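Enquirer: Below is protein.pdb; it holds PDB, C-alpha atoms.
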MODEL        1
ATOM      1  CA  ASP A  22     -24.289 -12.242  19.654  1.00  0.00           C
ATOM      2  CA  ILE A  23     -22.796  -9.863  17.143  1.00  0.00           C
ATOM      3  CA  GLU A  24     -25.059  -8.597  14.389  1.00  0.00           C
ATOM      4  CA  ASP A  25     -23.895  -9.717  10.951  1.00  0.00           C
ATOM      5  CA  ILE A  26     -23.834  -6.405   9.123  1.00  0.00           C
ATOM      6  CA  ASP A  27     -22.367  -8.044   6.011  1.00  0.00           C
ATOM      7  CA  ARG A  28     -25.247 -10.479   5.501  1.00  0.00           C
ATOM      8  CA  ALA A  29     -26.907  -8.271   2.862  1.00  0.00           C
ATOM      9  CA  ASP A  30     -23.629  -7.972   0.940  1.00  0.00           C
ATOM     10  CA  PHE A  31     -22.936 -11.703   0.709  1.00  0.00           C
ATOM     11  CA  ASP A  32     -24.097 -11.963  -2.919  1.00  0.00           C
ATOM     12  CA  ASN A  33     -21.890  -9.077  -4.085  1.00  0.00           C
ATOM     13  CA  PRO A  34     -18.466 -10.495  -5.043  1.00  0.00           C
ATOM     14  CA  GLN A  35     -16.871  -7.040  -4.946  1.00  0.00           C
ATOM     15  CA  LEU A  36     -17.486  -6.767  -1.215  1.00  0.00           C
ATOM     16  CA  VAL A  37     -15.906 -10.187  -0.421  1.00  0.00           C
ATOM     17  CA  ALA A  38     -18.252 -10.689   2.518  1.00  0.00           C
ATOM     18  CA  GLU A  39     -17.408 -14.398   2.568  1.00  0.00           C
ATOM     19  CA  TYR A  40     -13.872 -13.516   3.702  1.00  0.00           C
ATOM     20  CA  ILE A  41     -14.804 -10.902   6.295  1.00  0.00           C
ATOM     21  CA  ASN A  42     -14.245 -13.164   9.309  1.00  0.00           C
ATOM     22  CA  GLU A  43     -10.766 -14.083   8.070  1.00  0.00           C
ATOM     23  CA  ILE A  44      -9.975 -10.421   7.413  1.00  0.00           C
ATOM     24  CA  TYR A  45     -11.091  -9.402  10.913  1.00  0.00           C
ATOM     25  CA  HIS A  46      -9.149 -12.279  12.451  1.00  0.00           C
ATOM     26  CA  HIS A  47      -6.003 -11.218  10.596  1.00  0.00           C
ATOM     27  CA  MET A  48      -6.440  -7.585  11.630  1.00  0.00           C
ATOM     28  CA  ARG A  49      -6.974  -8.598  15.279  1.00  0.00           C
ATOM     29  CA  GLN A  50      -3.696 -10.540  15.157  1.00  0.00           C
ATOM     30  CA  LYS A  51      -1.888  -7.530  13.714  1.00  0.00           C
ATOM     31  CA  ILE A  52      -3.454  -5.247  16.312  1.00  0.00           C
ATOM     32  CA  SER A  53      -2.518  -7.508  19.219  1.00  0.00           C
ATOM     33  CA  ALA A  54       1.053  -7.714  17.897  1.00  0.00           C
ATOM     34  CA  THR A  55       1.136  -3.936  17.554  1.00  0.00           C
ATOM     35  CA  LEU A  56      -0.258  -3.345  21.058  1.00  0.00           C
ATOM     36  CA  SER A  57       3.039  -4.335  22.586  1.00  0.00           C
ATOM     37  CA  THR A  58       4.690  -1.514  20.631  1.00  0.00           C
ATOM     38  CA  PHE A  59       2.062   1.211  21.001  1.00  0.00           C
ATOM     39  CA  ASN A  60       0.086   2.203  24.095  1.00  0.00           C
ATOM     40  CA  ASP A  61      -2.781   3.818  22.224  1.00  0.00           C
ATOM     41  CA  LEU A  62      -3.657   1.842  19.103  1.00  0.00           C
ATOM     42  CA  ASN A  63      -5.514   3.509  16.267  1.00  0.00           C
ATOM     43  CA  PHE A  64      -5.326   3.412  12.490  1.00  0.00           C
ATOM     44  CA  SER A  65      -2.522   5.954  12.343  1.00  0.00           C
ATOM     45  CA  ASN A  66      -0.366   3.581  14.410  1.00  0.00           C
ATOM     46  CA  LEU A  67      -1.000   0.789  11.911  1.00  0.00           C
ATOM     47  CA  GLN A  68      -0.066   3.157   9.117  1.00  0.00           C
ATOM     48  CA  ILE A  69       3.177   4.028  10.902  1.00  0.00           C
ATOM     49  CA  THR A  70       4.025   0.383  11.547  1.00  0.00           C
ATOM     50  CA  TYR A  71       3.290  -0.829   8.024  1.00  0.00           C
ATOM     51  CA  ARG A  72       4.119   2.268   5.991  1.00  0.00           C
ATOM     52  CA  ILE A  73       5.866   2.263   2.632  1.00  0.00           C
ATOM     53  CA  ASN A  74       9.313   3.843   2.593  1.00  0.00           C
ATOM     54  CA  ASP A  75       9.721   7.102   0.668  1.00  0.00           C
ATOM     55  CA  LYS A  76      12.439   5.666  -1.596  1.00  0.00           C
ATOM     56  CA  PHE A  77      10.874   2.228  -2.086  1.00  0.00           C
ATOM     57  CA  LEU A  78      11.716   2.221  -5.819  1.00  0.00           C
ATOM     58  CA  ALA A  79      15.416   2.928  -5.309  1.00  0.00           C
ATOM     59  CA  GLY A  80      17.478   0.116  -6.810  1.00  0.00           C
ATOM     60  CA  GLN A  81      14.432  -1.654  -8.281  1.00  0.00           C
ATOM     61  CA  GLN A  82      14.018  -2.857 -11.874  1.00  0.00           C
ATOM     62  CA  ILE A  83      10.768  -0.887 -12.002  1.00  0.00           C
ATOM     63  CA  ASN A  84      11.226   2.867 -12.007  1.00  0.00           C
ATOM     64  CA  GLU A  85       8.749   5.647 -11.222  1.00  0.00           C
ATOM     65  CA  LYS A  86       7.657   6.017 -14.858  1.00  0.00           C
ATOM     66  CA  MET A  87       6.895   2.288 -15.160  1.00  0.00           C
ATOM     67  CA  ARG A  88       4.934   2.368 -11.902  1.00  0.00           C
ATOM     68  CA  THR A  89       2.986   5.381 -13.178  1.00  0.00           C
ATOM     69  CA  ILE A  90       2.014   3.529 -16.368  1.00  0.00           C
ATOM     70  CA  LEU A  91       0.905   0.514 -14.328  1.00  0.00           C
ATOM     71  CA  ILE A  92      -1.177   2.614 -11.924  1.00  0.00           C
ATOM     72  CA  ASP A  93      -2.776   4.511 -14.832  1.00  0.00           C
ATOM     73  CA  TRP A  94      -3.746   1.191 -16.397  1.00  0.00           C
ATOM     74  CA  LEU A  95      -5.167  -0.032 -13.082  1.00  0.00           C
ATOM     75  CA  ILE A  96      -7.270   3.122 -12.826  1.00  0.00           C
ATOM     76  CA  GLN A  97      -8.639   2.504 -16.320  1.00  0.00           C
ATOM     77  CA  VAL A  98      -9.553  -1.077 -15.381  1.00  0.00           C
ATOM     78  CA  HIS A  99     -11.055   0.179 -12.133  1.00  0.00           C
ATOM     79  CA  LEU A 100     -13.267   2.677 -13.975  1.00  0.00           C
ATOM     80  CA  ARG A 101     -14.184   0.231 -16.738  1.00  0.00           C
ATOM     81  CA  PHE A 102     -15.480  -2.418 -14.322  1.00  0.00           C
ATOM     82  CA  HIS A 103     -16.979   0.048 -11.805  1.00  0.00           C
ATOM     83  CA  LEU A 104     -14.998  -1.382  -8.913  1.00  0.00           C
ATOM     84  CA  LEU A 105     -15.022  -0.015  -5.379  1.00  0.00           C
ATOM     85  CA  GLN A 106     -12.518   2.682  -4.424  1.00  0.00           C
ATOM     86  CA  GLU A 107     -11.162   0.427  -1.711  1.00  0.00           C
ATOM     87  CA  THR A 108     -10.214  -2.123  -4.371  1.00  0.00           C
ATOM     88  CA  LEU A 109      -8.045   0.397  -6.188  1.00  0.00           C
ATOM     89  CA  TYR A 110      -6.421   1.703  -2.992  1.00  0.00           C
ATOM     90  CA  LEU A 111      -5.693  -1.798  -1.738  1.00  0.00           C
ATOM     91  CA  THR A 112      -4.282  -2.864  -5.116  1.00  0.00           C
ATOM     92  CA  VAL A 113      -1.907   0.098  -5.274  1.00  0.00           C
ATOM     93  CA  ASN A 114      -0.879  -0.513  -1.664  1.00  0.00           C
ATOM     94  CA  ILE A 115      -0.142  -4.186  -2.336  1.00  0.00           C
ATOM     95  CA  ILE A 116       1.872  -3.330  -5.450  1.00  0.00           C
ATOM     96  CA  ASP A 117       3.900  -0.735  -3.561  1.00  0.00           C
ATOM     97  CA  ARG A 118       4.563  -3.154  -0.698  1.00  0.00           C
ATOM     98  CA  PHE A 119       5.683  -5.804  -3.179  1.00  0.00           C
ATOM     99  CA  LEU A 120       8.000  -3.348  -4.923  1.00  0.00           C
ATOM    100  CA  GLN A 121       9.431  -2.321  -1.564  1.00  0.00           C
ATOM    101  CA  VAL A 122      10.539  -5.840  -0.619  1.00  0.00           C
ATOM    102  CA  SER A 123      11.515  -7.237  -4.013  1.00  0.00           C
TER     103      SER A 123
ENDMDL
END
Starting from the file, give its structure as C-alpha coordinates.
Expert:
Amino acid sequence: DIEDIDRADFDNPQLVAEYINEIYHHMRQKISATLSTFNDLNFSNLQITYRINDKFLAGQQINEKMRTILIDWLIQVHLRFHLLQETLYLTVNIIDRFLQVS
(Lines of atoms letter the chains of each structure in order from A and count residues from 1; the text may use other names and numbers.)
(Lines give C-alpha, C1' and ligand atoms only; values in the text may rest on other atoms or scores of the structure.)
Protein backbone atom coordinates (compact mmCIF):
# COMPACT_ATOMS: atom_id res chain seq x y z
CA ASP A 1 0.00 0.00 0.00
CA ILE A 2 1.06 3.54 -0.73
CA GLU A 3 0.51 6.11 2.00
CA ASP A 4 -1.95 8.81 0.95
CA ILE A 5 0.04 11.92 1.75
CA ASP A 6 -2.67 14.15 0.27
CA ARG A 7 -5.42 12.97 2.61
CA ALA A 8 -5.02 15.97 4.93
CA ASP A 9 -5.23 18.38 1.98
CA PHE A 10 -8.47 17.00 0.55
CA ASP A 11 -10.60 19.83 1.96
CA ASN A 12 -8.36 22.56 0.52
CA PRO A 13 -9.57 23.37 -3.02
CA GLN A 14 -6.31 25.15 -3.86
CA LEU A 15 -4.36 21.91 -3.55
CA VAL A 16 -6.72 19.94 -5.87
CA ALA A 17 -6.07 16.73 -3.97
CA GLU A 18 -9.13 15.15 -5.57
CA TYR A 19 -7.33 15.20 -8.93
CA ILE A 20 -3.95 13.97 -7.72
CA ASN A 21 -4.38 10.41 -9.01
CA GLU A 22 -5.29 11.70 -12.48
CA ILE A 23 -2.32 14.08 -12.42
CA TYR A 24 0.09 11.29 -11.45
CA HIS A 25 -1.39 8.99 -14.08
CA HIS A 26 -0.93 11.66 -16.75
CA MET A 27 2.65 12.34 -15.67
CA ARG A 28 3.46 8.60 -15.69
CA GLN A 29 2.18 8.41 -19.28
CA LYS A 30 4.34 11.37 -20.28
CA ILE A 31 7.35 9.86 -18.52
CA SER A 32 6.92 6.47 -20.17
CA ALA A 33 6.60 8.17 -23.57
CA THR A 34 9.72 10.21 -22.83
CA LEU A 35 11.72 7.17 -21.68
CA SER A 36 12.06 5.98 -25.23
CA THR A 37 13.79 9.27 -26.07
CA PHE A 38 15.96 9.72 -22.98
CA ASN A 39 18.03 7.12 -21.14
CA ASP A 40 18.13 8.97 -17.83
CA LEU A 41 14.80 10.63 -17.10
CA ASN A 42 14.61 13.52 -14.69
CA PHE A 43 12.74 16.80 -14.54
CA SER A 44 15.26 18.60 -16.73
CA ASN A 45 14.50 16.10 -19.51
CA LEU A 46 10.79 16.89 -19.24
CA GLN A 47 11.62 20.58 -19.40
CA ILE A 48 13.69 20.00 -22.54
CA THR A 49 10.96 17.93 -24.19
CA TYR A 50 8.12 20.32 -23.40
CA ARG A 51 9.93 23.65 -23.37
CA ILE A 52 8.55 26.89 -24.76
CA ASN A 53 10.38 28.27 -27.79
CA ASP A 54 12.33 31.51 -27.33
CA LYS A 55 10.38 33.31 -30.06
CA PHE A 56 6.95 31.89 -29.21
CA LEU A 57 5.26 35.29 -29.68
CA ALA A 58 6.64 35.84 -33.19
CA GLY A 59 3.77 36.24 -35.64
CA GLN A 60 1.10 36.16 -32.91
CA GLN A 61 -1.73 38.67 -32.42
CA ILE A 62 -0.54 39.09 -28.84
CA ASN A 63 2.77 40.89 -28.50
CA GLU A 64 5.21 41.03 -25.58
CA LYS A 65 3.63 44.17 -24.10
CA MET A 66 0.15 42.59 -24.11
CA ARG A 67 1.51 39.44 -22.49
CA THR A 68 3.24 41.57 -19.84
CA ILE A 69 -0.04 43.33 -18.99
CA LEU A 70 -1.82 39.98 -18.73
CA ILE A 71 0.87 38.47 -16.48
CA ASP A 72 0.88 41.58 -14.26
CA TRP A 73 -2.88 41.25 -13.86
CA LEU A 74 -2.54 37.55 -13.04
CA ILE A 75 0.02 38.38 -10.36
CA GLN A 76 -2.39 40.90 -8.83
CA VAL A 77 -5.16 38.28 -8.78
CA HIS A 78 -2.72 35.75 -7.35
CA LEU A 79 -1.75 38.10 -4.51
CA ARG A 80 -5.33 39.23 -3.87
CA PHE A 81 -6.64 35.68 -3.38
CA HIS A 82 -3.50 34.34 -1.64
CA LEU A 83 -3.07 31.52 -4.14
CA LEU A 84 -0.19 29.06 -4.16
CA GLN A 85 2.96 29.91 -6.12
CA GLU A 86 2.50 26.77 -8.16
CA THR A 87 -0.85 28.09 -9.37
CA LEU A 88 0.75 31.22 -10.79
CA TYR A 89 3.65 29.32 -12.39
CA LEU A 90 1.33 26.76 -13.95
CA THR A 91 -1.03 29.47 -15.23
CA VAL A 92 1.79 31.39 -16.91
CA ASN A 93 3.14 28.15 -18.38
CA ILE A 94 -0.26 27.20 -19.80
CA ILE A 95 -0.73 30.66 -21.29
CA ASP A 96 2.70 30.57 -22.90
CA ARG A 97 2.08 27.09 -24.31
CA PHE A 98 -1.25 28.24 -25.73
CA LEU A 99 0.36 31.30 -27.31
CA GLN A 100 3.06 29.10 -28.80
CA VAL A 101 0.63 26.87 -30.70
CA SER A 102 -2.08 29.37 -31.63
Enquirer: Identify, on the basis of only C-alpha atoms, every residue whose closest approach to Gln121 of chain A does not exceed 10 Å; exclude the query and any residue fewer than 4 positions from it along the same chain; express the result as a list in words.
Expert: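 These residues fall inside the cut-off: Ile73, Asn74, Asp75, Lys76, Phe77, Leu78, Ala79, Gly80, Gln81, Ile115, Ile116 and Asp117 of chain A.
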Enquirer: Would you list the contacts of segment 98-102 of chain A as a PyMOL selection string, taking every protein, DNA or RNA residue within 12 Å and counting only C-alpha atoms, but skipping same-chain residues closer than 6 positions in sequence?
Expert: chain A and resi 35+91-92+108-113
Enquirer: Please report the interatomic distance between atom CA of Arg49 of chain A and atom CA of Asp30 of chain A in Å with one decimal.
Expert: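 We find that atom CA of Arg49 of chain A and atom CA of Asp30 of chain A lie 22.0 Å from each other.
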Enquirer: Expressed in Å to a single decimal, how great is the separation between atom CA of Tyr40 of chain A and atom CA of Arg88 of chain A?
Expert: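 Answer for the atom CA of Tyr40 of chain A to atom CA of Arg88 of chain A separation: 29.1 Å.
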Enquirer: Output the residue selection produced by the PyMOL selection byres ((chain A and resi 28) around 12) on the file above, formatted as a list in words.
Expert: Ile23, Glu24, Asp25, Ile26, Asp27, Ala29, Asp30, Phe31, Asp32, Asn33, Leu36, Val37, Ala38, Glu39, Tyr40, Ile41 and Asn42 of chain A
Enquirer: Suppose you want the space between atom CA of Arg118 of chain A and atom CA of Gln50 of chain A; what is it in Å?
Expert: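 Interatomic distance, atom CA of Arg118 of chain A to atom CA of Gln50 of chain A: 19.3 Å.
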Enquirer: Of the candidates A:Leu120, A:Tyr45, A:Tyr71, A:Ile52, which shows the shortest atom-to-atom distance to Met87 of chain A, using all atoms listed in the file?
Expert: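 Among the listed residues, A:Leu120 lies closest to Met87 of chain A.
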